[in-house]
>>> print(open('final_31.txt').read())   # compact mmCIF, C-alpha atoms
# COMPACT_ATOMS: atom_id res chain seq x y z
CA MET A 1 19.57 -24.14 0.28
CA ASP A 2 17.26 -21.91 2.34
CA LEU A 3 17.50 -18.16 2.68
CA MET A 4 19.47 -18.27 5.93
CA GLY A 5 21.86 -20.79 4.45
CA GLN A 6 22.58 -18.53 1.49
CA LEU A 7 23.02 -15.31 3.41
CA GLY A 8 24.26 -16.51 6.79
CA ASP A 9 25.50 -13.78 9.05
CA LEU A 10 24.25 -10.95 6.81
CA LEU A 11 20.61 -11.69 7.48
CA GLN A 12 21.19 -12.94 10.99
CA GLN A 13 22.41 -9.51 12.10
CA TYR A 14 18.91 -8.16 11.46
CA SER A 15 17.20 -10.64 13.76
CA GLY A 16 15.36 -8.60 16.36
CA ALA A 17 16.43 -5.30 14.74
CA GLN A 18 14.13 -2.29 14.96
CA GLY A 19 13.71 0.67 12.66
CA GLY A 20 14.95 3.32 15.04
CA ALA A 21 18.57 3.13 13.89
CA PRO A 22 18.81 1.58 10.40
CA PRO A 23 22.30 0.37 9.41
CA ALA A 24 24.01 2.60 6.86
CA ASP A 25 24.19 -0.25 4.36
CA VAL A 26 20.67 -1.57 4.86
CA GLU A 27 19.71 -0.90 1.22
CA GLN A 28 22.67 -2.92 -0.05
CA HIS A 29 21.82 -5.77 2.32
CA TYR A 30 18.19 -5.59 1.29
CA ASP A 31 19.17 -5.91 -2.38
CA GLN A 32 21.08 -9.09 -1.60
CA VAL A 33 18.21 -10.57 0.36
CA ALA A 34 15.63 -9.61 -2.26
CA GLN A 35 17.53 -11.49 -4.96
CA VAL A 36 17.07 -14.86 -3.25
CA SER A 37 13.96 -14.48 -1.11
CA SER A 38 10.52 -15.79 -2.01
CA PRO A 39 7.57 -13.45 -2.63
CA ALA A 40 5.96 -14.85 0.52
CA SER A 41 8.98 -13.86 2.60
CA MET A 42 9.11 -10.41 0.99
CA ALA A 43 5.41 -9.89 1.62
CA GLU A 44 5.75 -10.85 5.28
CA GLY A 45 8.62 -8.42 5.71
CA LEU A 46 6.72 -5.57 4.08
CA LEU A 47 3.64 -6.30 6.16
CA ALA A 48 5.76 -5.91 9.29
CA ALA A 49 6.82 -2.46 8.07
CA PHE A 50 3.20 -1.56 7.31
CA MET A 51 2.14 -2.55 10.82
CA ASP A 52 4.98 -0.90 12.76
CA THR A 53 3.44 2.21 14.25
CA GLN A 54 6.53 3.35 16.13
CA HIS A 55 9.27 3.53 13.50
CA THR A 56 7.46 3.96 10.18
CA PRO A 57 4.76 6.31 8.85
CA SER A 58 1.15 5.19 8.77
CA PHE A 59 0.03 2.44 6.43
CA GLY A 60 -1.77 5.01 4.31
CA ASN A 61 1.38 7.10 3.98
CA GLN A 62 3.49 4.10 3.03
CA ALA A 63 0.88 2.92 0.53
CA ALA A 64 0.90 6.37 -1.07
CA GLN A 65 4.71 6.36 -1.28
CA LEU A 66 4.71 3.01 -3.00
CA PHE A 67 1.86 4.06 -5.28
CA GLY A 68 3.75 7.17 -6.38
CA ALA A 69 6.75 5.09 -7.40
CA SER A 70 4.70 2.45 -9.23
CA GLY A 71 3.92 1.95 -12.89
CA GLY A 72 0.40 2.12 -14.29
CA ASP A 73 -0.39 -1.60 -14.06
CA THR A 74 0.63 -1.78 -10.41
CA LYS A 75 -1.22 1.44 -9.60
CA ALA A 76 -4.38 0.01 -11.10
CA GLN A 77 -3.98 -3.23 -9.14
CA VAL A 78 -3.53 -1.27 -5.90
CA LEU A 79 -6.54 0.98 -6.51
CA ASN A 80 -8.79 -1.94 -7.40
CA THR A 81 -7.65 -3.71 -4.24
CA LEU A 82 -8.40 -0.69 -2.05
CA LEU A 83 -11.74 0.04 -3.71
CA ALA A 84 -12.80 -3.58 -3.27
CA VAL A 85 -12.62 -2.94 0.48
CA ALA A 86 -13.63 0.71 0.83
CA GLY A 87 -16.11 0.82 -2.06
CA PRO A 88 -18.92 -1.18 -0.41
CA MET A 89 -18.80 1.08 2.65
CA MET A 90 -19.16 4.15 0.46
CA MET A 91 -22.01 2.54 -1.44
CA GLN A 92 -23.77 1.82 1.84
CA LYS A 93 -23.52 5.48 2.78
CA MET A 94 -25.05 6.42 -0.54
CA ALA A 95 -27.88 3.90 -0.19
CA GLY A 96 -28.57 5.01 3.37
CA GLY A 97 -28.67 8.66 2.44
CA GLN A 98 -26.04 9.51 5.03
CA GLY A 99 -24.78 13.01 4.73
CA GLY A 100 -26.21 13.96 1.35
CA GLY A 101 -25.11 11.22 -1.03
CA MET A 102 -21.91 10.49 -2.88
CA GLU A 103 -20.07 13.79 -2.47
CA SER A 104 -20.58 13.77 1.29
CA ALA A 105 -19.57 10.12 1.53
CA LEU A 106 -16.40 10.93 -0.40
CA ALA A 107 -15.82 13.98 1.75
CA GLY A 108 -15.98 11.74 4.81
CA LEU A 109 -13.49 9.38 3.24
CA MET A 110 -11.15 12.26 2.51
CA GLY A 111 -11.34 13.60 6.05
CA GLY A 112 -14.35 15.87 6.02
CA GLY A 113 -14.89 19.35 4.68
CA GLY A 114 -17.50 18.62 2.05
CA GLY A 115 -17.22 19.24 -1.66
CA SER A 116 -14.96 22.27 -1.27
CA ALA A 117 -12.38 20.20 0.60
CA LEU A 118 -12.53 17.55 -2.08
CA SER A 119 -12.13 20.16 -4.78
CA GLY A 120 -9.15 21.63 -2.96
CA LEU A 121 -7.56 18.23 -2.52
CA MET A 122 -7.89 17.52 -6.22
CA GLY A 123 -6.61 20.93 -7.26
CA GLY A 124 -9.91 22.67 -7.77
CA GLY A 125 -12.20 22.44 -10.75
CA GLY A 126 -15.54 22.24 -8.96
CA GLY A 127 -16.13 18.52 -9.47
CA GLY A 128 -14.37 17.09 -6.44
CA LEU A 129 -13.17 13.52 -6.33
CA ALA A 130 -16.38 12.19 -7.82
CA GLY A 131 -16.01 14.43 -10.84
CA MET A 132 -12.39 13.44 -11.30
CA LEU A 133 -13.00 9.71 -11.17
CA GLY A 134 -16.09 10.07 -13.30
CA GLY A 135 -14.00 11.94 -15.86
CA LEU A 136 -11.51 9.10 -15.91
CA LEU A 137 -14.32 6.84 -17.04
CA GLY A 138 -15.20 9.05 -19.95
CA GLY A 139 -17.38 11.66 -18.29
CA GLY A 140 -19.78 9.23 -16.65
CA GLY A 141 -19.91 11.26 -13.45
CA ILE A 142 -21.57 9.80 -10.38
CA SER A 143 -22.98 6.77 -12.17
CA ALA A 144 -19.52 5.88 -13.43
CA LEU A 145 -18.08 6.27 -9.93
CA GLU A 146 -20.78 3.97 -8.60
CA GLY A 147 -19.49 1.37 -11.04
CA LEU A 148 -16.02 1.68 -9.54
CA LEU A 149 -17.24 1.41 -5.96
CA SER A 150 -19.48 -1.57 -6.68
CA GLY A 151 -16.76 -3.46 -8.51
CA ASN A 152 -18.65 -3.44 -11.80
CA GLN A 153 -15.99 -1.16 -13.27
CA GLN A 154 -12.26 -1.77 -12.82
CA VAL A 155 -9.65 0.98 -12.67
CA THR A 156 -7.39 0.79 -15.70
CA PRO A 157 -3.69 1.73 -15.76
CA GLU A 158 -4.61 4.88 -17.69
CA MET A 159 -7.09 5.92 -15.03
CA ALA A 160 -4.75 5.05 -12.18
CA ALA A 161 -1.97 7.20 -13.61
CA LYS A 162 -4.14 10.29 -13.02
CA VAL A 163 -4.97 9.59 -9.37
CA PRO A 164 -2.93 11.69 -6.90
CA ASP A 165 -0.95 10.00 -4.13
CA GLU A 166 -2.93 11.94 -1.51
CA VAL A 167 -6.13 10.18 -2.52
CA VAL A 168 -4.45 6.80 -2.21
CA GLU A 169 -3.24 7.68 1.29
CA LYS A 170 -6.78 8.46 2.47
CA LEU A 171 -8.27 5.51 0.64
CA ALA A 172 -5.70 3.11 2.10
CA HIS A 173 -6.34 4.45 5.60
CA GLN A 174 -10.09 3.97 5.23
CA ALA A 175 -9.70 0.52 3.69
CA ALA A 176 -7.44 -0.65 6.53
CA GLN A 177 -9.98 0.54 9.07
CA GLN A 178 -12.66 -1.47 7.30
CA ASP A 179 -10.54 -4.58 6.82
CA PRO A 180 -6.94 -4.75 8.12
CA SER A 181 -6.23 -7.70 5.81
CA VAL A 182 -5.94 -5.18 2.97
CA MET A 183 -2.40 -4.62 4.24
CA ASP A 184 -1.64 -8.26 3.48
CA ARG A 185 -3.02 -7.84 -0.02
CA LEU A 186 -0.88 -4.80 -0.78
CA SER A 187 2.13 -6.55 0.72
CA SER A 188 1.64 -9.41 -1.73
CA ILE A 189 1.35 -6.99 -4.64
CA TYR A 190 4.56 -5.17 -3.82
CA ALA A 191 6.43 -8.36 -2.94
CA GLU A 192 6.56 -8.85 -6.71
CA HIS A 193 8.29 -5.46 -7.04
CA PRO A 194 11.05 -5.47 -4.39
CA THR A 195 12.84 -2.45 -5.86
CA LEU A 196 9.81 -0.28 -5.15
CA ILE A 197 9.90 -1.24 -1.47
CA LYS A 198 13.23 0.57 -1.17
CA THR A 199 11.39 3.88 -1.58
CA LEU A 200 10.03 3.45 1.95
CA GLY A 201 13.47 4.14 3.43
CA GLY A 202 15.89 2.56 5.86
CA ALA A 203 13.55 2.14 8.83
CA ALA A 204 11.00 0.16 6.82
CA LEU A 205 13.72 -1.94 5.21
CA THR A 206 15.26 -2.74 8.59
CA ILE A 207 11.90 -3.86 9.97
CA ALA A 208 11.26 -5.96 6.87
CA MET A 209 14.70 -7.57 7.08
CA SER A 210 14.18 -8.31 10.77
CA ARG A 211 10.92 -10.11 10.09
CA MET A 212 12.45 -12.03 7.18
CA ALA A 213 15.37 -13.11 9.36
CA ASP A 214 13.00 -14.38 12.03
CA ARG A 215 10.92 -16.16 9.40
CA SER A 216 13.92 -17.93 7.88
CA ARG A 217 15.15 -19.02 11.30
CA GLN A 218 11.77 -20.55 12.12
CA ALA A 219 11.55 -22.40 8.80
>>> encode(input="final_31.txt", output="structure tokens")
Amino acid sequence: MDLMGQLGDLLQQYSGAQGGAPPADVEQHYDQVAQVSSPASMAEGLLAAFMDTQHTPSFGNQAAQLFGASGGDTKAQVLNTLLAVAGPMMMQKMAGGQGGGMESALAGLMGGGGGSALSGLMGGGGGGLAGMLGGLLGGGGISALEGLLSGNQQVTPEMAAKVPDEVVEKLAHQAAQQDPSVMDRLSSIYAEHPTLIKTLGGAALTIAMSRMADRSRQA
């Protein structure tokens, strides 16, 4: 029996729904749907919430919310996915000498302001984001960070646990600008963890349920 056949009117009431006025019991309904839906259906629903620019926060903000609620393995998977997209762009800036090398490239990624802004974002310490990520790799500094950006070094769960949500928000924003399909990739990751999706709130859940209802009706 398909999803619509199992849930009937419950899911049907979300067809065409928008996130502006989420039902009071949307989380309960979402739990019921998540129990029987396929990962592909869940991913499509989450992608709709990622892409809705009227009723939900930005993709970067939502990615950071999900990241903050995730365990180490999922955090590492998310960071490696984002770096696979944004990393080559940052490496190109380094190779081209744009703006003074790695620190300036990272400052651009984080929204400008140079090394001092990076240091402030990371809580001070004088090393900025490059120093922090280099430290996660055992003190390798810039060369270690180059390994992350080039894909030669993967972020481990232990490393990912130390990365602040704010960095993920900026990284996700930059990655989506480079390649919007990164939203699909993160949707597929979190489709395997439907409980985490609830942290995005009622508007996102309503949008996801609406897309899932439409998908099941078209099947």
>>> residues_around(input="final_31.txt", residues="Gln178 (chain A)", least_positions_apart="3", cutoff="9 Å", atoms="all atoms listed in the file", output="number ranges by chain")
A: 85-86, 89, 173-175, 182
>>> residues_around(input="final_31.txt", residues="Leu200 (chain A)", least_positions_apart="5", cutoff="12 Å", atoms="all atoms listed in the file", output="mmCIF file with C-alpha atoms, in the frame of the given file")
data_model
loop_
_atom_site.group_PDB
_atom_site.id
_atom_site.type_symbol
_atom_site.label_atom_id
_atom_site.label_comp_id
_atom_site.auth_asym_id
_atom_site.auth_seq_id
_atom_site.Cartn_x
_atom_site.Cartn_y
_atom_site.Cartn_z
ATOM 1 C CA GLY A 19 13.710 0.670 12.660
ATOM 2 C CA GLU A 27 19.710 -0.900 1.220
ATOM 3 C CA LEU A 46 6.720 -5.570 4.080
ATOM 4 C CA ALA A 49 6.820 -2.460 8.070
ATOM 5 C CA PHE A 50 3.200 -1.560 7.310
ATOM 6 C CA HIS A 55 9.270 3.530 13.500
ATOM 7 C CA THR A 56 7.460 3.960 10.180
ATOM 8 C CA PRO A 57 4.760 6.310 8.850
ATOM 9 C CA SER A 58 1.150 5.190 8.770
ATOM 10 C CA PHE A 59 0.030 2.440 6.430
ATOM 11 C CA ASN A 61 1.380 7.100 3.980
ATOM 12 C CA GLN A 62 3.490 4.100 3.030
ATOM 13 C CA ALA A 63 0.880 2.920 0.530
ATOM 14 C CA ALA A 64 0.900 6.370 -1.070
ATOM 15 C CA GLN A 65 4.710 6.360 -1.280
ATOM 16 C CA LEU A 66 4.710 3.010 -3.000
ATOM 17 C CA PHE A 67 1.860 4.060 -5.280
ATOM 18 C CA GLY A 68 3.750 7.170 -6.380
ATOM 19 C CA ALA A 69 6.750 5.090 -7.400
ATOM 20 C CA TYR A 190 4.560 -5.170 -3.820
ATOM 21 C CA PRO A 194 11.050 -5.470 -4.390
ATOM 22 C CA THR A 195 12.840 -2.450 -5.860
ATOM 23 C CA LEU A 205 13.720 -1.940 5.210
ATOM 24 C CA THR A 206 15.260 -2.740 8.590
ATOM 25 C CA ILE A 207 11.900 -3.860 9.970
ATOM 26 C CA ALA A 208 11.260 -5.960 6.870
#
>>> closest_residue(input="final_31.txt", among="A:Ala203, A:Ile189, A:Ile197, A:Leu11", to="Ala40 (chain A)", atoms="all atoms listed in the file")
A:Ile189
>>> atom_distance(input="final_31.txt", atom1="CA of Lys75 (chain A)", atom2="CA of Ser37 (chain A)")
23.6 Å
>>> atom_distance(input="final_31.txt", atom1="CA of Ala24 (chain A)", atom2="CA of Leu186 (chain A)")
27.1 Å
>>> atom_distance(input="final_31.txt", atom1="CA of Glu44 (chain A)", atom2="CA of Ala76 (chain A)")
22.1 Å
